[in-house]
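Here is the structure we will look at.
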Number of protein chains: 2
Amino acid sequence: MKDNIEQKGGGRGIKEKGERFKRLDRIIHPKSLAIIGATPNPGKYGWLYQSAITAIGFKGNLYPISDKADEILGVKAYRSLSDLPEVPDLAVIVIPAPYVPEALKEALDAGIAGAVIMSAGFSEEGEEGAALEDEIRSIADGRIRVIGPNCFGTYSPKVGVTIIPGSGFSTEPGPVGFFAQSGGLTADLCQLAKGSGVRFSAAVSYGNGVDVNEVDLLEYFAEDKDTKVIAAYLEGVLDGERFFELLRDVTPKKPVIIWKGGMTEAGGRAVMSHTASMGGSRMVWDAIFRQTGAVRASGLEDMVDAMSAFCNIYPRSYPMSNSGGGGNIAMMGGGGALCVEAADLAEDMGLDIPTFPANVQDEIRKNLPPKGSNPKNPVDTGNPMIPPAVMTGFLETAARVDGIDYLILIQILFHIQMLFKKLSGDDSTPLSNFAFYPELSKGVKGVIEKYGKPVVCVLPRTSTTESDEDMELELEWRRARSAFIDAGAAVFPTMERAMTAISRVARYRSCLGAKGR
Amino acid sequence: MKDNIEQKGGGRGIKEKGERFKRLDRIIHPKSLAIIGATPNPGKYGWLYQSAITAIGFKGNLYPISDKADEILGVKAYRSLSDLPEVPDLAVIVIPAPYVPEALKEALDAGIAGAVIMSAGFSEEGEEGAALEDEIRSIADGRIRVIGPNCFGTYSPKVGVTIIPGSGFSTEPGPVGFFAQSGGLTADLCQLAKGSGVRFSAAVSYGNGVDVNEVDLLEYFAEDKDTKVIAAYLEGVLDGERFFELLRDVTPKKPVIIWKGGMTEAGGRAVMSHTASMGGSRMVWDAIFRQTGAVRASGLEDMVDAMSAFCNIYPRSYPMSNSGGGGNIAMMGGGGALCVEAADLAEDMGLDIPTFPANVQDEIRKNLPPKGSNPKNPVDTGNPMIPPAVMTGFLETAARVDGIDYLILIQILFHIQMLFKKLSGDDSTPLSNFAFYPELSKGVKGVIEKYGKPVVCVLPRTSTTESDEDMELELEWRRARSAFIDAGAAVFPTMERAMTAISRVARYRSCLGAKGR
């Protein structure tokens with residue numbers, strides 16, 4: 001059975017790597033797109049899909065195919081693919097499973113390069129569905145590339161294509177290429193990543209992977225010039241050996257973050273019912289991570305954190321890889337317990353917060369209150385009300401210290417903003433008037449630009465209820481996060497997540513070093 | 001030095017346990033309170049403290065002591081303690097360190113039971129401060145109990161006393177008794193806990209612990225009838241042996257959650273500069289956790305999660321401890337990857353999501369869509385749009401299954417609410433009109449009341465930016481969380497945090513079992 005799949009897989013039918021890349025690139029970033037199963041019926045998948053790509057702003061030519069309407073969502077609809085004024089790059093198929101093979105045949109006959117089949121009801125549903133899936137495989141057979149079935153589609157901010165229900169995803173392209181079988185997970189991840197400043201070159205949910213699978217996508221994103229960081233959620237891998245070899249080749253060139261679902265026995269059983277893949281044992285995957293230097297993640301938040309680490313910390317850390325052990329942190333915060341936590345976490349993760357030389361301590365001490373502060377590193381300002389100029393001054397000083405690889409700031413200024421607002425006695429003044437982050441983020445930007453060192457901001461999030469005051473604080477928190485991200489920093493809500501991010505970058509850098517780069 | 005401290009410690013001077021409890025109780029829940037260092041000067045600590053307890057609604061008699069004003073924040077001020085119409089339960093001292101010994105002596109002479117010294121500038125500042133601290137110790141000497149110095153005070157929702165800047169803490173008392181040397185950490189924790197539905201009997205920041213320390217507070221909360229769950233952040237422990245023995249006695253009666261800071265070498269160094277305590281080695285603490293059954297936590301969020309587990313999951317799980325292994329979960333979610341993640345996490349944490357018997361599967365299957373769903377457990381509804389009645393029906397069915405200890409729901413309905421709002425074509429309708437949680441939380445409440453089994457809701461939080469739409473989604477998320485908490489459920493934003501919470505309860509229950517309870 002496995003050999004059979006190997007030979008029939010479309011991508012693997014195309015011998016030439018450059019040709020494989022070009023065909024997949026055209027499908028992932030289509031300039032023209034037909035929706036087979038378009039409908040004026042709100043709530044149906046065809047309608048939802050067209051709404052989503054319209055909302056996000058599809059830049060190419062859109063061709064709804066429907067025998068029920070002449071116009072859908074303000075766009076001229078066509079009866080069939082053969083009526084179109086051009087051959088579109090991509091056909092998106094959103095019709096019930098039994099009708100899919102015929103539609104795919106039509107797309108093939110029309111000369112379309114590839115199809116995304118969103119419809120479910122294939123091998124994940126048992127024998128009948130598996131037979132339908134075999135039919136699709138036979139039709140594709142290296143002649144038309146197929147993403148899916150049983151997926152939510154693809155997301156390309158560059159051309160304005162998105163998955164369901166991704167109408168709210170960022171329209172800004174970026175360095176992360178992501179793929180997963182699961183459509184729901186892909187949608188949740190792209191949504192969650194938005195606020196962390198993580199931007200995508202593309203994201204692909206490939207469902208049952210009848211043709212395009214994890215090997216094709218890893219190869220594609222490795223080749224793609226816009227993609228600097230690759231990330232994947234994997235339930236099963238069809239051809240483990242090929243995937244492993246490819247992974248070993250790619251990781252030294254681009255970091256590859258993998259969340260492997262179904263590592264446990266129980267997880268493996270759940271994978272079977274989800275995407276009918278084989279989970280693969282934990283021991284095998286432990287070895288794969290060890291031998292390839294792929295970065296391990298688990299859970300959506302952790303995945304976004306890892307992406308953020310390789311988008312915002314890694315690029316700035318890279319030129320410095322000769323400056324020492326590669327895991328030295330300078331840190332300033334207001335509060336002793338925060339410093340204790342940071343020190344514990346750093347040591348646990350193989351990082352270091354080295355004591356500053358005496359002259360550096362003297363320089364830092366000048367700006368600290370005489371009582372309750374500590375200039376050694378981690379620098380404790382003694383209280384959380386740290387003026388932006390003091391923080392920026394610290395960053396300047398610490399960035400010049402030889403062997404410091406990462407700079408960390410901890411800021412809990414939102415409650416102090418609220419306090420200042422209350423002290424002002426004027427309830428009508430917006431909370432943002434008392435904000436510190438506009439000034440501080442400018443300082444952060446200056447330091448990053450001047451010294452090229454990565455800055456990590458820890459912004460604890462302590463507003464939690466639905467009260468007006470807490471919602472106002474939450475809005476300020478989000479604004480502050482955006483300001484620091486725009487300044488070029490990586491932002492995390494807890495010290496643990498910040499240290500994990502840094503440790504991932506440090507470990508990846510040391511893997512690169514071990515490989516003689 | 002250590003023996004010296006032992007003998008001079010106030011609490012330890014009081015031989016009788018009941019008397020120790022009564023005196024501490026009077027200070028932690030004072031019915032009358034004098035502020036030594038009250039001031040009409042906004043922004044000063046004395047003013048901030050009085051503002052905070054006024055805002056939270058102090059129910060007792062308040063006596064600002066000041067030689068600068070006759071009235072502060074609308075309250076009659078007095079020149080000295082001797083002018084007061086009664087002897088207050090507590091004196092809160094917020095004046096510069098050098099003046100503290102004299103003020104404490106006055107409080108002692110006035111017959112006051114205890115003092116909270118917020119002022120900093122003692123042993124954490126070097127020799128001069130250490131001498132002042134010794135002076136305080138000599139004055140106290142079993143005659144007046146002292147919390148602090150170098151702390152942010154105490155929080156008692158029952159009487160309306162709070163720490164700085166805790167004016168926004170919950171006014172509702174609850175089952176958690178918390179203590180930490182660090183004032184900033186105590187403030188952040190109580191703030192963060194608010195939205196998770198965690199409520200406190202009291203929280204005490206005890207700073208340098210010159211008199212009242214971790215042993216006194218553990219003993220106090222163990223005796224206190226309102227406290228059902230004890231939690232602490234510890235940097236150092238003065239008398240390790242006594243603390244260990246007490247901990248071993250208390251854990252079988254009340255769960256004790258401990259976050260130990262300074263477990264690493266680097267963390268230990270940071271502790272020295274923060275509260276001048278000895279950190280204690282990791283190996284010793286590993287043994288303490290193992291031998292006492294204390295629950296380990298690390299980080300603020302993790303601490304709040306552990307509190308939430310023992311407030312909202314544990315009380316309902318306890319009567320069921322004979323129903324099986326104690327770690328069996330029934331779960332419903334919409335999305336295969338979520339089920340895979342849950343299965344992986346459960347196995348990793350020693351929990352089980354056992355396959356339902358055939359008749360239970362048949363009952364559940366009736367309410368699931370025919371395609372893409374899975375009734376086995378974890379139950380995958382195939383898509384995230386799960387009607388509340390289906391979820392409630394599932395809870396009813398699963399709660400009746402023999403040996404099921406915990407029920408989990410995963411709900412990502414906020415984006416679907418947004419979608420429904422958009423489909424409605426009416427932008428002016430508030431998003432809350434499309435909410436599922438009012439109905440679902442009623443169902444959850446019914447099941448909890450009828451079957452007494454703990455329900456855990458996983459509410460992924462995918463709104464992340466400062467856009468109006470995302471802020472509206474965040475507000476809905478918070479409202480949903482409150483609705484489920486009010487219904488008696490525990491709520492977590494990720495599956496990992498939910499499983500960690502359940503595993504803590506399961507482990508604690510099995511410790512109790514091992515001790516023959």
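FYI, nothing fancy with the structure tokens labels: chains A, B, ... in order, residues from 1 per chain, ligands from 1 as they appear.
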
request  = Could you give me, as a VMD selection string, each residue of region 133-288 of chain A that DSSP assigns to strand (DSSP E or B) when run on this structure's backbone?
outcome  = chain A and resid 145 to 147 154 to 156 161 176 to 180 200 to 205 229 to 234 256 to 260

Can you spit out the residues from that selection as a JSON list (two decimals), in the first residue's frame, using N, CA, C and O atoms?
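Okay, this is what ended up in selection.json:
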[["chain", "number", "residue", "atom", "x", "y", "z"],
["A", 145, "ARG", "N", -1.80, 19.08, -9.00],
["A", 145, "ARG", "CA", -1.43, 18.97, -7.58],
["A", 145, "ARG", "C", -2.68, 19.20, -6.73],
["A", 145, "ARG", "O", -3.49, 20.08, -7.01],
["A", 146, "VAL", "N", -2.78, 18.43, -5.65],
["A", 146, "VAL", "CA", -3.97, 18.52, -4.80],
["A", 146, "VAL", "C", -3.56, 18.76, -3.35],
["A", 146, "VAL", "O", -2.74, 18.03, -2.80],
["A", 147, "ILE", "N", -4.14, 19.81, -2.75],
["A", 147, "ILE", "CA", -4.00, 20.04, -1.30],
["A", 147, "ILE", "C", -5.32, 19.63, -0.66],
["A", 147, "ILE", "O", -6.37, 20.10, -1.06],
["A", 154, "THR", "N", -5.60, 27.31, 2.35],
["A", 154, "THR", "CA", -4.29, 27.92, 2.48],
["A", 154, "THR", "C", -4.42, 29.42, 2.77],
["A", 154, "THR", "O", -5.45, 30.02, 2.46],
["A", 155, "TYR", "N", -3.36, 29.98, 3.33],
["A", 155, "TYR", "CA", -3.35, 31.40, 3.69],
["A", 155, "TYR", "C", -2.12, 32.03, 3.09],
["A", 155, "TYR", "O", -0.99, 31.57, 3.32],
["A", 156, "SER", "N", -2.33, 33.04, 2.25],
["A", 156, "SER", "CA", -1.21, 33.78, 1.67],
["A", 156, "SER", "C", -1.51, 35.27, 1.74],
["A", 156, "SER", "O", -2.27, 35.80, 0.92],
["A", 161, "VAL", "N", -5.21, 35.36, -0.08],
["A", 161, "VAL", "CA", -6.01, 34.15, 0.02],
["A", 161, "VAL", "C", -5.98, 33.73, 1.48],
["A", 161, "VAL", "O", -4.98, 33.90, 2.16],
["A", 176, "VAL", "N", 7.32, 33.57, 8.32],
["A", 176, "VAL", "CA", 7.02, 32.21, 8.77],
["A", 176, "VAL", "C", 6.21, 31.42, 7.75],
["A", 176, "VAL", "O", 5.16, 31.87, 7.30],
["A", 177, "GLY", "N", 6.70, 30.25, 7.38],
["A", 177, "GLY", "CA", 5.93, 29.31, 6.57],
["A", 177, "GLY", "C", 5.44, 28.19, 7.48],
["A", 177, "GLY", "O", 6.23, 27.55, 8.15],
["A", 178, "PHE", "N", 4.11, 28.00, 7.52],
["A", 178, "PHE", "CA", 3.55, 27.01, 8.43],
["A", 178, "PHE", "C", 2.73, 25.98, 7.68],
["A", 178, "PHE", "O", 2.04, 26.32, 6.72],
["A", 179, "PHE", "N", 2.78, 24.73, 8.13],
["A", 179, "PHE", "CA", 1.87, 23.73, 7.58],
["A", 179, "PHE", "C", 1.42, 22.73, 8.63],
["A", 179, "PHE", "O", 2.13, 22.47, 9.60],
["A", 180, "ALA", "N", 0.20, 22.22, 8.45],
["A", 180, "ALA", "CA", -0.40, 21.25, 9.36],
["A", 180, "ALA", "C", -1.51, 20.53, 8.62],
["A", 180, "ALA", "O", -2.12, 21.10, 7.72],
["A", 200, "PHE", "N", 3.23, 35.68, 8.37],
["A", 200, "PHE", "CA", 3.42, 34.47, 7.58],
["A", 200, "PHE", "C", 3.74, 34.75, 6.11],
["A", 200, "PHE", "O", 3.19, 35.67, 5.52],
["A", 201, "SER", "N", 4.65, 33.95, 5.55],
["A", 201, "SER", "CA", 4.77, 33.91, 4.09],
["A", 201, "SER", "C", 3.57, 33.14, 3.55],
["A", 201, "SER", "O", 2.92, 33.56, 2.61],
["A", 202, "ALA", "N", 3.24, 32.04, 4.21],
["A", 202, "ALA", "CA", 2.04, 31.27, 3.87],
["A", 202, "ALA", "C", 1.77, 30.28, 4.99],
["A", 202, "ALA", "O", 2.66, 29.93, 5.77],
["A", 203, "ALA", "N", 0.52, 29.83, 5.07],
["A", 203, "ALA", "CA", 0.16, 28.73, 5.97],
["A", 203, "ALA", "C", -0.71, 27.77, 5.18],
["A", 203, "ALA", "O", -1.61, 28.21, 4.45],
["A", 204, "VAL", "N", -0.42, 26.49, 5.29],
["A", 204, "VAL", "CA", -1.13, 25.49, 4.49],
["A", 204, "VAL", "C", -1.72, 24.43, 5.42],
["A", 204, "VAL", "O", -0.99, 23.80, 6.19],
["A", 205, "SER", "N", -3.03, 24.25, 5.36],
["A", 205, "SER", "CA", -3.64, 23.07, 6.02],
["A", 205, "SER", "C", -3.85, 22.06, 4.91],
["A", 205, "SER", "O", -4.49, 22.37, 3.90],
["A", 229, "VAL", "N", 11.62, 31.18, 8.49],
["A", 229, "VAL", "CA", 11.38, 30.27, 9.61],
["A", 229, "VAL", "C", 10.28, 29.30, 9.18],
["A", 229, "VAL", "O", 9.24, 29.72, 8.67],
["A", 230, "ILE", "N", 10.50, 28.00, 9.39],
["A", 230, "ILE", "CA", 9.50, 27.01, 9.01],
["A", 230, "ILE", "C", 8.90, 26.42, 10.28],
["A", 230, "ILE", "O", 9.61, 26.18, 11.26],
["A", 231, "ALA", "N", 7.59, 26.21, 10.28],
["A", 231, "ALA", "CA", 6.94, 25.62, 11.45],
["A", 231, "ALA", "C", 5.86, 24.66, 11.00],
["A", 231, "ALA", "O", 5.23, 24.86, 9.95],
["A", 232, "ALA", "N", 5.66, 23.60, 11.76],
["A", 232, "ALA", "CA", 4.65, 22.61, 11.38],
["A", 232, "ALA", "C", 4.05, 21.95, 12.61],
["A", 232, "ALA", "O", 4.72, 21.74, 13.62],
["A", 233, "TYR", "N", 2.75, 21.64, 12.51],
["A", 233, "TYR", "CA", 2.12, 20.72, 13.44],
["A", 233, "TYR", "C", 1.93, 19.43, 12.68],
["A", 233, "TYR", "O", 1.30, 19.41, 11.61],
["A", 234, "LEU", "N", 2.50, 18.34, 13.18],
["A", 234, "LEU", "CA", 2.45, 17.07, 12.46],
["A", 234, "LEU", "C", 1.72, 16.03, 13.30],
["A", 234, "LEU", "O", 2.04, 15.85, 14.47],
["A", 256, "VAL", "N", 13.53, 25.08, 11.88],
["A", 256, "VAL", "CA", 12.27, 24.38, 11.65],
["A", 256, "VAL", "C", 11.67, 24.02, 13.02],
["A", 256, "VAL", "O", 12.28, 23.29, 13.80],
["A", 257, "ILE", "N", 10.50, 24.59, 13.29],
["A", 257, "ILE", "CA", 9.82, 24.35, 14.57],
["A", 257, "ILE", "C", 8.76, 23.29, 14.35],
["A", 257, "ILE", "O", 7.94, 23.41, 13.44],
["A", 258, "ILE", "N", 8.78, 22.25, 15.17],
["A", 258, "ILE", "CA", 7.79, 21.18, 14.99],
["A", 258, "ILE", "C", 7.05, 20.89, 16.29],
["A", 258, "ILE", "O", 7.66, 20.69, 17.33],
["A", 259, "TRP", "N", 5.73, 20.91, 16.19],
["A", 259, "TRP", "CA", 4.89, 20.38, 17.26],
["A", 259, "TRP", "C", 4.39, 19.03, 16.77],
["A", 259, "TRP", "O", 3.66, 18.97, 15.78],
["A", 260, "LYS", "N", 4.83, 17.98, 17.45],
["A", 260, "LYS", "CA", 4.43, 16.64, 17.02],
["A", 260, "LYS", "C", 3.27, 16.17, 17.88],
["A", 260, "LYS", "O", 3.44, 15.92, 19.08]]

Residues of chain B that have any atom at most 7 Å from an atom of chain A: could you tabulate them with the shortest-distance atom pair and the distance in Å to one decimal, using only C-alpha atoms, ordered by chain and increasing number, as CSV?
residue,atom,partner,partner_atom,distance
B:Pro42,CA,A:Leu423,CA,6.9
B:Gly121,CA,A:Lys371,CA,6.5
B:Glu125,CA,A:Gly372,CA,6.7
B:Ser182,CA,A:Ala337,CA,6.4
B:Gly184,CA,A:Gly335,CA,6.4
B:Leu185,CA,A:Ala337,CA,6.5
B:Asp188,CA,A:Thr462,CA,6.7
B:Gln191,CA,A:Thr462,CA,6.0
B:Leu192,CA,A:Thr462,CA,4.8
B:Lys194,CA,A:Thr464,CA,6.7
B:Gly195,CA,A:Thr464,CA,4.5
B:Gly261,CA,A:Val340,CA,6.2
B:Gly262,CA,A:Val340,CA,5.9
B:Met263,CA,A:Asp344,CA,6.4
B:Thr264,CA,A:Asp344,CA,5.3
B:Ala266,CA,A:Ala343,CA,5.2
B:Gly267,CA,A:Asp344,CA,4.5
B:Ala270,CA,A:Val340,CA,5.0
B:Val271,CA,A:Val340,CA,5.8
B:His274,CA,A:Gly336,CA,4.9
B:Gly335,CA,A:Gly184,CA,6.4
B:Gly336,CA,A:His274,CA,4.9
B:Ala337,CA,A:Ser182,CA,6.4
B:Cys339,CA,A:Ala270,CA,6.4
B:Val340,CA,A:Gly267,CA,4.9
B:Glu341,CA,A:Gly261,CA,6.2
B:Ala343,CA,A:Gly267,CA,4.5
B:Asp344,CA,A:Gly267,CA,4.5
B:Glu347,CA,A:Ala266,CA,6.5
B:Lys371,CA,A:Gly121,CA,6.5
B:Gly372,CA,A:Glu125,CA,6.7
B:Leu423,CA,A:Pro42,CA,6.8
B:Thr462,CA,A:Leu192,CA,4.8
B:Ser463,CA,A:Leu192,CA,6.7
B:Thr464,CA,A:Gly195,CA,4.5
B:Thr465,CA,A:Gly195,CA,4.7
B:Glu466,CA,A:Arg478,CA,5.5
B:Leu475,CA,A:Glu466,CA,6.0
B:Arg478,CA,A:Glu466,CA,5.5
B:Arg479,CA,A:Glu466,CA,6.2

File dump, residues just selected, C-alpha atoms, as a short mmCIF file (atom, residue, chain, number, x, y, z; two decimals), in the first residue's frame:
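Final file, result32.cif:
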data_model
loop_
_atom_site.label_atom_id
_atom_site.label_comp_id
_atom_site.auth_asym_id
_atom_site.auth_seq_id
_atom_site.Cartn_x
_atom_site.Cartn_y
_atom_site.Cartn_z
CA PRO B 42 -0.83 62.10 47.14
CA GLY B 121 15.74 50.04 54.53
CA GLU B 125 20.22 47.22 52.82
CA SER B 182 7.65 39.63 48.44
CA GLY B 184 5.17 43.02 44.68
CA LEU B 185 4.60 39.37 43.98
CA ASP B 188 0.51 40.76 41.28
CA GLN B 191 -4.64 40.83 40.96
CA LEU B 192 -4.08 37.99 38.50
CA LYS B 194 -9.21 37.85 40.43
CA GLY B 195 -10.30 36.90 36.92
CA GLY B 261 12.07 30.76 44.46
CA GLY B 262 15.84 30.52 44.44
CA MET B 263 16.07 26.76 43.85
CA THR B 264 19.04 27.18 41.51
CA ALA B 266 21.76 31.71 40.39
CA GLY B 267 18.31 32.03 41.93
CA ALA B 270 19.22 36.69 43.64
CA VAL B 271 17.34 35.76 46.80
CA HIS B 274 16.14 40.49 47.59
CA GLY B 335 -11.56 19.60 16.44
CA GLY B 336 -9.36 16.55 16.04
CA ALA B 337 -6.06 18.25 16.89
CA CYS B 339 -8.35 15.76 21.04
CA VAL B 340 -4.87 14.62 20.02
CA GLU B 341 -3.30 17.28 22.24
CA ALA B 343 -4.67 12.62 24.78
CA ASP B 344 -0.93 13.36 24.63
CA GLU B 347 -0.87 10.33 29.20
CA LYS B 371 -19.56 12.98 9.38
CA GLY B 372 -16.25 13.87 10.99
CA LEU B 423 -23.88 36.96 8.88
CA THR B 462 -7.41 33.75 20.26
CA SER B 463 -8.23 37.46 20.22
CA THR B 464 -4.90 39.17 20.50
CA THR B 465 -4.74 42.61 18.91
CA GLU B 466 -5.97 46.02 20.00
CA LEU B 475 -14.67 41.09 26.53
CA ARG B 478 -13.92 37.29 29.92
CA ARG B 479 -17.69 37.25 30.30
#

ask   = Neighbours of Arg26 (chain B) within 9 Å (only C-alpha atoms; same-chain residues fewer than 2 positions away dropped), as a PyMOL selection string?
value = chain B and resi 21-24+28-31+89-90+113-114

task = Find the distance between CA of Ser441 (chain A) and CA of Met418 (chain A) and write it in Å to one decimal.
result = 19.2 Å

request  = Please run DSSP on the backbone and report, as a PyMOL selection string, all residues within region 186-338 of chain B that come out as alpha helix (DSSP H).
outcome  = chain B and resi 186-194+214-223+240-250+265-275+282-292+300-308+314-317+336-338

inquiry  = Would you pick out the contacts of Lys453 (chain A) at 10 Å or less, using only C-alpha atoms, so that residues sharing its chain but fewer than 6 positions from it are not included, and give the list as a PyMOL selection string?
reply    = chain A and resi 313-320+395+399-400+404-407+447+489

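We find CA of Tyr49 (chain B) and CA of Met118 (chain B) to be spaced 9.8 Å apart.
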
inquiry  = Residues near region 240-250 of chain B, anyone? I mean within 6 Å using only C-alpha atoms, not counting same-chain ones fewer than 3 positions away, as a ChimeraX atom specification.
reply    = /B:215,237,253,292

request  = Tell me, in Å to one decimal, how far CA of Ala389 (chain B) is from CA of Pro40 (chain A).
outcome  =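 Separation of CA of Ala389 (chain B) and CA of Pro40 (chain A): 29.2 Å.
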
message = Neighbouring residues of Ala487 (chain A) were defined as those with any atom within 12 Å, considering only C-alpha atoms; residues of the same chain fewer than 3 positions away were excluded. Please report them as number ranges by chain.
response = A: 197, 312, 437-449, 454-457, 480-484, 490-491
